[in-house]
$ cat protein-v6.cif   # mmCIF, C-alpha atoms
data_input
loop_
_atom_site.label_atom_id
_atom_site.label_comp_id
_atom_site.auth_asym_id
_atom_site.auth_seq_id
_atom_site.Cartn_x
_atom_site.Cartn_y
_atom_site.Cartn_z
CA MET P 1 -43.01 92.12 -24.13
CA PRO P 2 -44.34 91.06 -20.73
CA LYS P 3 -41.81 89.41 -18.46
CA THR P 4 -42.23 85.65 -18.15
CA LEU P 5 -42.41 84.46 -14.56
CA LYS P 6 -40.88 81.15 -13.57
CA ARG P 7 -43.31 78.71 -12.05
CA ALA P 8 -42.48 78.05 -8.41
CA ASP P 9 -41.46 74.57 -7.35
CA PRO P 10 -44.61 73.09 -5.70
CA ALA P 11 -42.54 71.59 -2.88
CA VAL P 12 -40.80 74.88 -2.10
CA ALA P 13 -44.08 76.81 -2.43
CA ALA P 14 -45.59 74.54 0.26
CA VAL P 15 -42.79 75.32 2.73
CA ARG P 16 -42.62 78.32 5.04
CA THR P 17 -39.31 79.83 6.12
CA ARG P 18 -38.56 82.29 8.88
CA ARG P 19 -35.90 83.31 11.37
CA ALA P 20 -36.17 83.42 15.14
CA TYR P 21 -34.17 83.58 18.37
CA PHE P 22 -34.14 80.93 21.09
CA ASP P 23 -32.54 80.93 24.53
CA CYS P 24 -29.66 78.60 25.34
CA ARG P 25 -26.94 78.38 28.01
CA PHE P 26 -24.84 80.96 26.10
CA GLY P 27 -27.55 83.55 25.56
CA GLN P 28 -29.60 83.60 22.38
CA LEU P 29 -29.31 81.43 19.29
CA HIS P 30 -30.26 82.89 15.93
CA VAL P 31 -32.08 80.13 14.04
CA ARG P 32 -33.30 79.75 10.46
CA THR P 33 -36.36 77.53 10.20
CA ALA P 34 -38.33 75.88 7.43
CA PHE P 35 -41.43 73.77 7.79
CA PRO P 36 -44.34 72.40 5.71
CA THR P 37 -47.57 74.37 5.64
CA THR P 38 -49.05 71.54 7.71
CA GLY P 39 -46.62 72.42 10.49
CA GLY P 40 -44.26 69.50 9.95
CA PHE P 41 -44.94 67.88 13.28
CA ASP P 42 -46.89 64.85 12.02
CA GLU P 43 -44.75 64.00 8.99
CA GLN P 44 -41.14 63.18 9.86
CA VAL P 45 -38.64 63.70 12.66
CA THR P 46 -37.38 67.28 12.98
CA LEU P 47 -33.95 67.91 11.41
CA ILE P 48 -31.34 70.27 12.88
CA CYS P 49 -28.56 71.44 10.51
CA LEU P 50 -25.21 72.52 11.95
CA HIS P 51 -22.89 74.72 9.89
CA GLY P 52 -19.11 74.59 9.72
CA SER P 53 -16.34 77.14 9.97
CA THR P 54 -16.85 78.42 6.40
CA GLY P 55 -20.01 80.29 7.36
CA PRO P 56 -23.04 80.49 9.64
CA SER P 57 -26.48 79.00 8.99
CA ARG P 58 -26.83 81.06 5.80
CA VAL P 59 -24.94 78.22 4.09
CA PHE P 60 -28.18 76.19 4.26
CA GLU P 61 -30.43 78.96 2.86
CA ARG P 62 -31.25 77.23 -0.45
CA PHE P 63 -31.23 73.75 1.07
CA LEU P 64 -33.72 74.29 3.89
CA PRO P 65 -36.92 74.77 1.82
CA LEU P 66 -36.12 71.62 -0.17
CA ILE P 67 -35.47 69.27 2.76
CA ALA P 68 -38.44 70.72 4.70
CA GLU P 69 -41.17 69.36 2.46
CA GLN P 70 -42.12 66.72 5.04
CA ARG P 71 -40.28 67.78 8.19
CA SER P 72 -39.56 70.84 10.28
CA VAL P 73 -35.94 71.99 9.93
CA TYR P 74 -33.87 74.27 12.17
CA ALA P 75 -30.46 75.69 11.25
CA PRO P 76 -28.95 77.65 14.15
CA ASP P 77 -25.97 79.95 14.10
CA LEU P 78 -23.76 78.19 16.65
CA PRO P 79 -22.73 80.29 19.67
CA GLY P 80 -20.19 82.89 18.59
CA SER P 81 -21.19 82.66 14.91
CA GLY P 82 -23.52 84.68 12.71
CA GLU P 83 -26.19 86.51 14.69
CA SER P 84 -26.07 84.31 17.79
CA ASP P 85 -24.60 85.66 21.02
CA ALA P 86 -20.83 85.41 21.23
CA ALA P 87 -19.27 82.67 23.31
CA GLU P 88 -15.99 80.81 23.55
CA ALA P 89 -17.17 77.24 23.66
CA SER P 90 -16.01 73.71 22.87
CA ARG P 91 -17.85 71.38 20.54
CA GLU P 92 -19.39 69.74 23.62
CA ASP P 93 -20.65 73.17 24.71
CA HIS P 94 -22.11 73.71 21.25
CA ALA P 95 -23.78 70.31 21.46
CA GLY P 96 -25.25 71.35 24.80
CA ALA P 97 -26.64 74.51 23.23
CA ILE P 98 -28.36 72.42 20.55
CA ALA P 99 -29.77 70.16 23.27
CA ASP P 100 -31.13 73.33 24.92
CA LEU P 101 -32.76 74.28 21.62
CA ALA P 102 -34.39 70.86 21.28
CA ASN P 103 -35.65 71.10 24.85
CA ASP P 104 -37.03 74.60 24.23
CA LEU P 105 -38.87 73.26 21.18
CA ARG P 106 -40.10 70.27 23.23
CA LEU P 107 -38.65 67.80 20.75
CA ARG P 108 -38.35 64.25 22.02
CA GLN P 109 -36.28 63.12 19.03
CA ILE P 110 -34.28 64.87 16.34
CA ASP P 111 -32.13 64.05 13.34
CA VAL P 112 -28.88 66.00 13.06
CA LEU P 113 -26.92 67.08 9.98
CA GLY P 114 -23.40 68.40 10.47
CA PHE P 115 -21.38 70.13 7.74
CA GLU P 116 -17.58 70.37 8.03
CA SER P 117 -16.75 71.27 11.67
CA GLY P 118 -20.47 71.17 12.45
CA ALA P 119 -20.17 67.40 12.02
CA SER P 120 -18.04 67.19 15.16
CA VAL P 121 -20.82 68.97 17.07
CA ALA P 122 -23.34 66.50 15.65
CA ILE P 123 -21.12 63.61 16.79
CA ALA P 124 -20.77 65.08 20.29
CA LEU P 125 -24.53 65.51 20.54
CA ALA P 126 -25.24 61.99 19.29
CA ILE P 127 -22.88 60.53 21.89
CA ALA P 128 -24.07 62.70 24.78
CA LYS P 129 -27.81 62.43 23.99
CA PRO P 130 -28.44 59.02 22.40
CA SER P 131 -32.13 59.08 23.31
CA LEU P 132 -32.57 62.50 21.68
CA VAL P 133 -30.67 61.96 18.42
CA ARG P 134 -32.29 59.41 16.10
CA ARG P 135 -30.09 59.70 12.97
CA VAL P 136 -26.93 61.54 11.95
CA VAL P 137 -25.79 62.96 8.61
CA LEU P 138 -22.11 63.97 8.31
CA VAL P 139 -20.98 66.04 5.32
CA ALA P 140 -17.37 66.94 4.45
CA ALA P 141 -16.35 65.89 7.94
CA ALA P 142 -12.88 65.11 9.26
CA PRO P 143 -13.10 61.67 10.93
CA THR P 144 -12.19 61.47 14.59
CA GLU P 145 -11.68 58.56 16.95
CA ASP P 146 -15.03 59.05 18.67
CA TRP P 147 -16.97 58.31 15.49
CA ALA P 148 -16.84 54.68 16.61
CA LEU P 149 -18.94 55.64 19.65
CA VAL P 150 -21.92 56.69 17.52
CA ARG P 151 -24.62 54.04 17.60
CA GLN P 152 -27.32 55.84 15.65
CA PRO P 153 -27.84 55.10 11.94
CA SER P 154 -25.53 57.52 10.11
CA PHE P 155 -24.93 58.74 6.58
CA VAL P 156 -21.40 59.92 5.80
CA LEU P 157 -20.93 62.01 2.65
CA GLY P 158 -17.30 62.61 1.74
CA ILE P 159 -16.27 65.53 -0.44
CA GLY P 160 -13.34 65.75 -2.85
CA GLU P 161 -11.37 63.47 -5.12
CA ARG P 162 -9.89 61.50 -2.23
CA ALA P 163 -13.19 61.06 -0.44
CA GLY P 164 -14.12 57.42 -0.20
CA THR P 165 -16.27 55.04 1.74
CA SER P 166 -13.81 54.12 4.48
CA GLY P 167 -12.25 56.02 7.35
CA GLU P 168 -9.47 58.46 6.59
CA ARG P 169 -6.09 58.03 8.29
CA GLY P 170 -7.28 54.72 9.70
CA ARG P 171 -9.93 56.32 11.86
CA PRO P 172 -13.16 54.34 12.18
CA LEU P 173 -16.44 55.56 10.76
CA PRO P 174 -19.72 55.15 12.68
CA PRO P 175 -20.42 51.38 12.75
CA ASN P 176 -24.08 51.65 11.72
CA SER P 177 -23.54 53.88 8.71
CA ARG P 178 -23.87 54.35 4.97
CA HIS P 179 -21.09 55.96 2.97
CA ASP P 180 -21.06 57.96 -0.25
CA HIS P 181 -19.00 60.74 -1.78
CA VAL P 182 -19.01 63.49 -4.37
CA PRO P 183 -15.66 63.89 -6.13
CA GLU P 184 -15.98 67.60 -6.84
CA TYR P 185 -15.38 69.64 -3.73
CA ALA P 186 -17.33 72.87 -3.41
CA ALA P 187 -17.18 75.16 -0.39
CA ASP P 188 -20.70 76.25 -1.34
CA LEU P 189 -21.94 72.68 -1.75
CA PHE P 190 -25.34 73.34 -0.18
CA ALA P 191 -25.90 76.29 -2.53
CA ALA P 192 -24.52 74.54 -5.62
CA ALA P 193 -26.45 71.28 -5.35
CA PRO P 194 -29.26 71.73 -2.80
CA GLN P 195 -31.80 69.57 -4.63
CA THR P 196 -29.42 66.64 -4.99
CA LEU P 197 -28.45 66.80 -1.32
CA ALA P 198 -32.04 67.20 -0.13
CA ARG P 199 -33.15 64.16 -2.11
CA ARG P 200 -30.23 62.02 -0.97
CA PHE P 201 -30.55 62.92 2.70
CA ALA P 202 -34.34 62.60 2.73
CA GLU P 203 -34.06 59.07 1.35
CA PHE P 204 -31.78 58.16 4.24
CA LEU P 205 -33.80 59.93 6.94
CA ASP P 206 -37.08 58.43 5.74
CA ASP P 207 -35.79 54.88 5.30
CA GLU P 208 -37.37 52.84 8.09
CA SER P 209 -35.11 49.88 7.46
CA GLY P 210 -32.19 51.59 9.26
CA ALA P 211 -28.72 52.45 7.95
#
$ encode --input "protein-v6.cif" --output "structure tokens"
Amino acid sequence: MPKTLKRADPAVAAVRTRRAYFDCRFGQLHVRTAFPTTGGFDEQVTLICLHGSTGPSRVFERFLPLIAEQRSVYAPDLPGSGESDAAEASREDHAGAIADLANDLRLRQIDVLGFESGASVAIALAIAKPSLVRRVVLVAAAPTEDWALVRQPSFVLGIGERAGTSGERGRPLPPNSRHDHVPEYAADLFAAAPQTLARRFAEFLDDESGA
């Protein structure tokens, strides 16, 4: 019998993905990209996704085509990770490398998504470059004292049974933020539930009313 082919998701079929290298202060960044066939530049603000310590940008492989239906998306391997040039750098240094990437792409504004330790880089970038970063999404992040310094609209997604809608260990969450959580922790969250995450984050990023 002839093999039945699954019909492609129209949204994913309308998105192009590729990989490229960009220069930054630590050498070259390896970057995964996804963008609508229209180019993505006239739809929504560009999104940059920052991975955590559990893996490089490959963690976003299934997620990128889904969130890129109406926006260009870039997921770099942070310096010293994946296929980017090696570097011993602080989170502020990593934030500077992402600012270099945005400058290279001539982006006046970006939204930033940080997963696990990538969230601390997103926070550092939001604080250092408030005119560049429009909105922030933090996923499975460990709260730190400087979250209170973030003024951009933010969406905080906690992971695990103890994840809630308030700061952990008494640490403040970003003041202009929404909070949600998923009780089941999964190290491969972006591979296990990419459609759910893409829909939830797109609703926040596209909401013109603010946080």
$ resolve_selection --input "protein-v6.cif" --expression "the PyMOL selection byres ((chain P and resi 35) around 10)" --output "list in words"
Val12, Ala14, Val15, Arg16, Thr17, Arg18, Thr33, Ala34, Pro36, Thr37, Thr38, Gly39, Gly40, Phe41, Thr46, Leu64, Pro65, Leu66, Ile67, Ala68, Glu69, Gln70, Arg71, Ser72, Val73 and Tyr74 of chain P
$ resolve_selection --input "protein-v6.cif" --expression "the PyMOL selection byres ((chain P and resi 96-110) around 6)" --output "ChimeraX atom specification"
/P:24,45-47,93-95,111,132-134
$ atom_distance --input "protein-v6.cif" --atom1 "atom CA of Glu184 of chain P" --atom2 "atom CA of Val136 of chain P"
22.6 Å
$ closest_residue --input "protein-v6.cif" --among "P:Leu138, P:Leu157, P:Leu205, P:Ala128" --to "Val182 of chain P" --atoms "only C-alpha atoms"
P:Leu157
$ atom_distance --input "protein-v6.cif" --atom1 "atom CA of Phe190 of chain P" --atom2 "atom CA of Leu149 of chain P"
27.3 Å
$ residues_around --input "protein-v6.cif" --residues "Gln28 of chain P" --least-positions-apart "4" --cutoff "6 Å" --atoms "only C-alpha atoms" --output "list in words"
Phe22, Asp23, Cys24, Ser84 and Asp85 of chain P
$ residues_around --input "protein-v6.cif" --residues "segment 192-197 of chain P" --least-positions-apart "2" --cutoff "7 Å" --atoms "all atoms listed in the file" --output "compact mmCIF listing (two decimals) with C-alpha atoms, keeping the file's coordinate frame"
# COMPACT_ATOMS: atom_id res chain seq x y z
CA ARG P 62 -31.25 77.23 -0.45
CA PHE P 63 -31.23 73.75 1.07
CA LEU P 66 -36.12 71.62 -0.17
CA ASP P 188 -20.70 76.25 -1.34
CA LEU P 189 -21.94 72.68 -1.75
CA PHE P 190 -25.34 73.34 -0.18
CA ARG P 199 -33.15 64.16 -2.11
CA ARG P 200 -30.23 62.02 -0.97
CA PHE P 201 -30.55 62.92 2.70
$ residues_around --input "protein-v6.cif" --residues "Phe204 of chain P" --least-positions-apart "3" --cutoff "10 Å" --atoms "all atoms listed in the file" --output "ChimeraX atom specification"
/P:135-137,153-155,178,199-201,207-211
$ atom_distance --input "protein-v6.cif" --atom1 "atom CA of Ala126 of chain P" --atom2 "atom CA of Pro76 of chain P"
16.9 Å
